[in-house]
Structure formats: C-alpha cells, structure tokens
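Inspection log for the structure reproduced underneath, given as structure tokens.
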Amino acid sequence: MYQRRIIPLTQSIFLATVLSSSLITSACSAEYSNTPILSNQSTPTEIYKLGLAYYEGDSVPEDDDKAFELFQKAADQGYAPAKHYLGIMYYEGLGVDQNYQKAFEWVKQAANQGDSDAQFDLGVMYHEGIAVKQDDFKKFEWFQKSANQGDSDAQYRIGIMYYEGSGVEQDYQKAMEWYVLAADNGSFDAQNNIGNFYEYGYGVTQDYDKAFEWYTKAADQGLDVAQLNIGGLYENGYGVPQDYDEAFEWYKKAADQGNQEASNRIGRLVMNSKTDDEGIVIYSTQETGLTLGDIENMSQ
C-alpha cells in the first residue's frame, strides 16, 4: 500500500514552523533601517521572530549564531516556539555543537507547553529513538496531541499507525478517519492513501470510482505515487475504461519525478507491445537514459 513519496519519519525529523511573510518582513525591514527592534521591553515573541528571520536568512543575512542567541533569550523567558527551535538547532548542530539530548530536552519543554510542532517532533524522536528509547505508545501520545490541534502531518501519521497497528490496535476504520482529517487539511499523502483504501477495500467497500477521485486530488498536487496509482487503474481498467495510452501518460508523469516503479511499468508496457513511442526515455535507478527503442532492440 505504501508506495508513496511521503517524507518518512526516518528522513525528516523536524518540520519548520511556517512564519507569515508579513512578520518576517516587518522584522527585517526594521533591521535594515537601523531602527532598534530589540530593547529591554522587547517581548519574547519579538525576540523569537527576529531569531527566526536570521535562522531562515529571509531578507536578512542567515546567521545561525545570532538565531541561536535570540532563540535562547526568548526561551529563557518561557516562550515555547523558541524552545522548539533551540531543539532544532541542537539537533542540527547549527549555531551550537550538535547534542541530541539537549535537542530532546528543549523540544519536550516546548511540547509540554502545548506547542503543536514540538509535539509532533517529540513523537518523531520517540519513533526514532533519538536521545530516548523508542516507544510507539509515547509516539502515538505526542502525535495525537499535535493532531488534536489540527496538525495534518500528525493526523496523517496517526492514520498510518492505525493502519499498521503500530502502538495501537490495528483499525482500518480509525485509520481512514484520521486520513480524512489530514486530507481535509490538505495532505496529499493522506488523499493518496484514502484512494488506496477504496481501491483495495481496506475498512470500506471497494470502490474504484472513489479511489480514482482521491488519487486525482493527490495527483493534481504533483504526488508521483498518486500518478502511478492512476496509471495502474487505467492499465487494468479498474473503474475506468482500460486505456494503455492513458496509463502511459500517468506513468510518465510519475517517472519524470524519478519514480522507479513508474519507469518499470512503462518498460513493461513496451515489452508487451502496449505502446510504440520509441522516443520516450526510461530511467534506471542509476539514471541511465534508455529510449523505448533501445529497450526493444535489446530484447531482439
């Protein structure tokens, strides 16, 4: 089921908080106008915002040392988002020596104060066993806290946990409920997985039309695995008229994004004489370009 382009938990530890461009612009404009923006009366929020501007290097020169200093000042005043970012910097070793234990401690402080992003990241740390023993129950607990605040990534990952029975009893219906929440919040990965549920009948009545509908939502946002899945529906004639040319077009969209399975399926269409466009390039895992004509000649 999980042929997907999701950033897995093992690859992306922290999701940066999105700061509105207006806040960054305000802080940066003040910086460039030489107007003092920090004083003894500056609030922790103001200090944090300037630290984030330096961290991201958006409209001001990127400076990890300044960012760390400002996050520390705001964190010392109890500001949860700043504590979260101190954890990020300790984890990444930016502006300070890398220290997973301190990263965990700062992220946990922010999470305990209700910071949704920190709660999500703490769940990831329990998943990975970073500075703490791996614990699926703790992972679920912190993901759920974040998900209950509307974090789509946390909602999506709770859906995965229910699907896999990881840290909770396997429950396809609950997995679907969490996927729908995440999908409604714009998660195209969840949209794709809802399509999977309908295609294979996981906890729902098998429905190729609904599978196609959900795959299309994700594919329209550029998700390669959803494009691959739509290609599969056309190749097999599931819920749509069997159409190898249409299957090829969807496989090509996914293959153009580096999806190896899509390239394999294109090759299969060629070998089975389902398409005859010899100018199409197939990429191997070593990114060696082969045209369909090359493949056909090799098979002779």
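Order determines the names: the first chain of the structure tokens is A, the second B, and so forth; residues in each chain are numbered 1 upward, and ligands are numbered 1 upward as they are shown.
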Helix (DSSP H, G or I) positions in stretch 187-296 of chain A, given as a ChimeraX atom specification: /A:188-200,208-219,224-236,244-255,260-271,292-296
Residue neighbourhood A:Gly231, 6 Å, only C-alpha atoms, exclusion window fewer than 3 positions, as a ChimeraX atom specification: /A:228,234,247,250-251
Hey, can you spit out that residue selection with all heavy atoms as an mmCIF file, in the first residue's frame?
```cif
data_model
loop_
_atom_site.group_PDB
_atom_site.id
_atom_site.type_symbol
_atom_site.label_atom_id
_atom_site.label_comp_id
_atom_site.auth_asym_id
_atom_site.auth_seq_id
_atom_site.Cartn_x
_atom_site.Cartn_y
_atom_site.Cartn_z
ATOM 1 N N LEU A 228 1.181 7.357 -10.306
ATOM 2 C CA LEU A 228 1.435 5.944 -10.560
ATOM 3 C C LEU A 228 0.167 5.124 -10.359
ATOM 4 O O LEU A 228 -0.177 4.248 -11.171
ATOM 5 C CB LEU A 228 2.527 5.448 -9.619
ATOM 6 C CG LEU A 228 2.793 3.940 -9.597
ATOM 7 C CD1 LEU A 228 3.558 3.508 -10.847
ATOM 8 C CD2 LEU A 228 3.577 3.559 -8.342
ATOM 9 N N TYR A 234 -5.858 2.766 -15.024
ATOM 10 C CA TYR A 234 -6.073 2.755 -16.475
ATOM 11 C C TYR A 234 -5.493 1.495 -17.117
ATOM 12 O O TYR A 234 -6.088 0.920 -18.038
ATOM 13 C CB TYR A 234 -5.468 3.999 -17.111
ATOM 14 C CG TYR A 234 -6.381 5.199 -17.070
ATOM 15 C CD1 TYR A 234 -6.092 6.290 -16.260
ATOM 16 C CD2 TYR A 234 -7.533 5.242 -17.848
ATOM 17 C CE1 TYR A 234 -6.929 7.398 -16.209
ATOM 18 C CE2 TYR A 234 -8.382 6.344 -17.807
ATOM 19 C CZ TYR A 234 -8.083 7.422 -16.991
ATOM 20 O OH TYR A 234 -8.924 8.505 -16.944
ATOM 21 N N ALA A 247 -2.716 5.160 -19.409
ATOM 22 C CA ALA A 247 -1.859 4.625 -18.348
ATOM 23 C C ALA A 247 -0.434 5.121 -18.540
ATOM 24 O O ALA A 247 0.228 5.548 -17.578
ATOM 25 C CB ALA A 247 -1.904 3.104 -18.361
ATOM 26 N N TRP A 250 0.111 8.745 -17.423
ATOM 27 C CA TRP A 250 0.202 8.914 -15.973
ATOM 28 C C TRP A 250 1.503 8.331 -15.435
ATOM 29 O O TRP A 250 2.132 8.910 -14.544
ATOM 30 C CB TRP A 250 -1.000 8.275 -15.282
ATOM 31 C CG TRP A 250 -2.220 9.137 -15.398
ATOM 32 C CD1 TRP A 250 -3.293 8.951 -16.233
ATOM 33 C CD2 TRP A 250 -2.484 10.345 -14.681
ATOM 34 N NE1 TRP A 250 -4.206 9.970 -16.072
ATOM 35 C CE2 TRP A 250 -3.739 10.837 -15.114
ATOM 36 C CE3 TRP A 250 -1.803 11.063 -13.705
ATOM 37 C CZ2 TRP A 250 -4.305 12.009 -14.615
ATOM 38 C CZ3 TRP A 250 -2.366 12.233 -13.198
ATOM 39 C CH2 TRP A 250 -3.596 12.695 -13.656
ATOM 40 N N TYR A 251 1.916 7.201 -15.974
ATOM 41 C CA TYR A 251 3.196 6.636 -15.556
ATOM 42 C C TYR A 251 4.338 7.588 -15.887
ATOM 43 O O TYR A 251 5.290 7.738 -15.115
ATOM 44 C CB TYR A 251 3.444 5.288 -16.244
ATOM 45 C CG TYR A 251 2.581 4.149 -15.750
ATOM 46 C CD1 TYR A 251 2.286 3.071 -16.587
ATOM 47 C CD2 TYR A 251 2.073 4.128 -14.451
ATOM 48 C CE1 TYR A 251 1.516 2.004 -16.146
ATOM 49 C CE2 TYR A 251 1.287 3.078 -14.005
ATOM 50 C CZ TYR A 251 1.015 2.012 -14.854
ATOM 51 O OH TYR A 251 0.254 0.971 -14.404
#
```
Neighbour list for A:Met176 as an NGL selection string, cut-off 10 Å, only C-alpha atoms, skip fewer than 5 positions in-chain: :A and (156 or 158-160 or 162-163 or 171 or 181-182 or 190 or 193-194 or 197-198 or 202-204)
Write out, as a short mmCIF file (atom, residue, chain, number, x, y, z; two decimals), in the first residue's frame, the residues just selected, with all heavy atoms.
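Wrote it out as selection_21.cif, contents follow:
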```
data_model
loop_
_atom_site.label_atom_id
_atom_site.label_comp_id
_atom_site.auth_asym_id
_atom_site.auth_seq_id
_atom_site.Cartn_x
_atom_site.Cartn_y
_atom_site.Cartn_z
N TYR A 156 -2.05 12.52 9.73
CA TYR A 156 -1.69 11.53 8.72
C TYR A 156 -0.93 10.37 9.33
O TYR A 156 -1.20 9.19 9.05
CB TYR A 156 -0.87 12.21 7.63
CG TYR A 156 -0.21 11.25 6.68
CD1 TYR A 156 -0.97 10.50 5.80
CD2 TYR A 156 1.16 11.08 6.70
CE1 TYR A 156 -0.37 9.59 4.94
CE2 TYR A 156 1.77 10.18 5.84
CZ TYR A 156 1.00 9.44 4.96
OH TYR A 156 1.59 8.55 4.12
N ILE A 158 -0.92 9.36 12.44
CA ILE A 158 -1.78 8.55 13.29
C ILE A 158 -2.56 7.56 12.42
O ILE A 158 -2.76 6.39 12.80
CB ILE A 158 -2.74 9.44 14.11
CG1 ILE A 158 -1.95 10.19 15.19
CG2 ILE A 158 -3.84 8.59 14.76
CD1 ILE A 158 -2.80 11.14 16.00
N GLY A 159 -2.98 8.03 11.25
CA GLY A 159 -3.63 7.13 10.32
C GLY A 159 -2.75 5.95 9.96
O GLY A 159 -3.20 4.80 9.91
N ILE A 160 -1.46 6.23 9.73
CA ILE A 160 -0.51 5.16 9.42
C ILE A 160 -0.40 4.19 10.60
O ILE A 160 -0.37 2.96 10.41
CB ILE A 160 0.88 5.74 9.10
CG1 ILE A 160 0.85 6.52 7.78
CG2 ILE A 160 1.93 4.64 9.04
CD1 ILE A 160 2.16 7.19 7.44
N TYR A 162 -2.61 3.46 12.89
CA TYR A 162 -3.80 2.61 12.96
C TYR A 162 -3.80 1.59 11.82
O TYR A 162 -4.22 0.45 12.00
CB TYR A 162 -5.07 3.44 12.92
CG TYR A 162 -5.52 3.92 14.28
CD1 TYR A 162 -5.55 5.27 14.60
CD2 TYR A 162 -5.91 3.00 15.26
CE1 TYR A 162 -5.95 5.70 15.84
CE2 TYR A 162 -6.31 3.43 16.53
CZ TYR A 162 -6.33 4.77 16.81
OH TYR A 162 -6.72 5.19 18.06
N TYR A 163 -3.33 1.98 10.66
CA TYR A 163 -3.27 1.05 9.53
C TYR A 163 -2.29 -0.09 9.83
O TYR A 163 -2.58 -1.26 9.56
CB TYR A 163 -2.84 1.77 8.26
CG TYR A 163 -2.52 0.82 7.13
CD1 TYR A 163 -3.54 0.17 6.43
CD2 TYR A 163 -1.21 0.54 6.78
CE1 TYR A 163 -3.25 -0.73 5.42
CE2 TYR A 163 -0.91 -0.36 5.77
CZ TYR A 163 -1.94 -0.99 5.08
OH TYR A 163 -1.65 -1.88 4.08
N ASP A 171 -6.69 -0.84 13.13
CA ASP A 171 -8.09 -0.47 12.93
C ASP A 171 -8.18 0.35 11.65
O ASP A 171 -7.85 1.54 11.64
CB ASP A 171 -8.59 0.33 14.13
CG ASP A 171 -10.10 0.56 14.11
OD1 ASP A 171 -10.64 0.78 13.00
OD2 ASP A 171 -10.72 0.55 15.18
N LEU A 181 -9.28 13.43 8.01
CA LEU A 181 -8.96 14.69 8.69
C LEU A 181 -7.74 15.35 8.05
O LEU A 181 -7.73 16.55 7.77
CB LEU A 181 -8.71 14.46 10.18
CG LEU A 181 -9.91 14.22 11.08
CD1 LEU A 181 -9.44 13.86 12.49
CD2 LEU A 181 -10.80 15.46 11.12
N ALA A 182 -6.70 14.55 7.83
CA ALA A 182 -5.47 15.08 7.24
C ALA A 182 -5.72 15.53 5.80
O ALA A 182 -5.22 16.59 5.38
CB ALA A 182 -4.37 14.02 7.27
N ALA A 190 -2.24 11.80 2.49
CA ALA A 190 -3.45 11.19 3.04
C ALA A 190 -4.48 10.96 1.94
O ALA A 190 -5.17 9.93 1.93
CB ALA A 190 -4.03 12.06 4.14
N ASN A 193 -3.59 7.83 0.21
CA ASN A 193 -3.85 6.63 1.00
C ASN A 193 -5.34 6.33 1.11
O ASN A 193 -5.74 5.16 1.20
CB ASN A 193 -3.22 6.76 2.38
CG ASN A 193 -1.72 6.55 2.33
OD1 ASN A 193 -1.13 6.41 1.26
ND2 ASN A 193 -1.08 6.53 3.48
N ILE A 194 -6.16 7.37 1.10
CA ILE A 194 -7.61 7.15 1.05
C ILE A 194 -7.96 6.44 -0.26
O ILE A 194 -8.78 5.51 -0.29
CB ILE A 194 -8.38 8.47 1.19
CG1 ILE A 194 -8.20 9.04 2.60
CG2 ILE A 194 -9.88 8.25 0.91
CD1 ILE A 194 -8.78 10.43 2.77
N PHE A 197 -7.23 2.87 0.15
CA PHE A 197 -8.25 2.17 0.94
C PHE A 197 -9.44 1.79 0.06
O PHE A 197 -9.98 0.69 0.17
CB PHE A 197 -8.70 3.05 2.11
CG PHE A 197 -7.90 2.83 3.36
CD1 PHE A 197 -6.53 2.69 3.32
CD2 PHE A 197 -8.52 2.78 4.60
CE1 PHE A 197 -5.78 2.49 4.48
CE2 PHE A 197 -7.79 2.57 5.77
CZ PHE A 197 -6.42 2.42 5.70
N TYR A 198 -9.87 2.73 -0.77
CA TYR A 198 -11.00 2.44 -1.65
C TYR A 198 -10.63 1.45 -2.74
O TYR A 198 -11.44 0.61 -3.14
CB TYR A 198 -11.56 3.73 -2.25
CG TYR A 198 -12.49 4.47 -1.33
CD1 TYR A 198 -12.17 5.74 -0.84
CD2 TYR A 198 -13.69 3.90 -0.92
CE1 TYR A 198 -13.01 6.42 0.01
CE2 TYR A 198 -14.55 4.56 -0.04
CZ TYR A 198 -14.20 5.82 0.41
OH TYR A 198 -15.05 6.48 1.27
N TYR A 202 -9.92 -1.56 2.10
CA TYR A 202 -9.45 -1.60 3.49
C TYR A 202 -10.45 -0.86 4.38
O TYR A 202 -10.48 0.37 4.42
CB TYR A 202 -8.08 -0.95 3.64
CG TYR A 202 -6.96 -1.68 2.96
CD1 TYR A 202 -6.06 -1.00 2.14
CD2 TYR A 202 -6.76 -3.04 3.14
CE1 TYR A 202 -5.01 -1.66 1.52
CE2 TYR A 202 -5.71 -3.72 2.53
CZ TYR A 202 -4.84 -3.01 1.72
OH TYR A 202 -3.81 -3.66 1.11
N GLY A 203 -11.26 -1.58 5.13
CA GLY A 203 -12.19 -0.96 6.06
C GLY A 203 -13.36 -0.25 5.41
O GLY A 203 -14.19 0.35 6.11
N VAL A 204 -13.42 -0.28 4.09
CA VAL A 204 -14.51 0.34 3.35
C VAL A 204 -14.90 -0.59 2.21
O VAL A 204 -14.16 -1.52 1.87
CB VAL A 204 -14.11 1.72 2.76
CG1 VAL A 204 -13.81 2.72 3.86
CG2 VAL A 204 -12.90 1.57 1.83
#
```
Surrounding residues of stretch 48-58 of chain A excluding itself and chain neighbours under 3 positions, 7 Å, only C-alpha atoms, as a ChimeraX atom specification: /A:24,27,44-45,61-64,66-67,70-71,74,82
Contacts of stretch 122-222 of chain A with stretch 85-90 of chain A up to 12 Å, shortest pair per row, only C-alpha atoms, as a tab-separated table:
```
residue	atom	partner	partner_atom	distance
A:Leu122	CA	A:Gly87	CA	10.0
A:Met125	CA	A:Gly87	CA	11.3
A:Ala131	CA	A:Tyr90	CA	11.9
```
Closest of A:Gln109, A:Ser273, A:Gln227, A:Asn185 to A:Glu261 - atom-to-atom distances counting only C-alpha atoms: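 Nearest to A:Glu261: A:Gln227.
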Atom-to-atom span, atom CA of A:Ala262 and atom CA of A:Ala211, Å: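 Interatomic distance, atom CA of A:Ala262 to atom CA of A:Ala211: 18.4 Å.
Using only C-alpha atoms for every distance, the candidate list A:Glu213, A:Gln101, A:Glu92, A:Val168 yields A:Gln101 as the residue closest to A:Gly129.
You will find atom CA of A:Asn272 at 18.8 Å from atom CA of A:Pro241.
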Nearest to A:Lys139 by atom-to-atom distance, counting only C-alpha atoms, from A:Gln206, A:Ser166, A:Thr43, A:Ser152: A:Ser166
One-decimal distance in Å that lies between atom CA of A:Thr216 and atom CA of A:Ser187: 13.0 Å
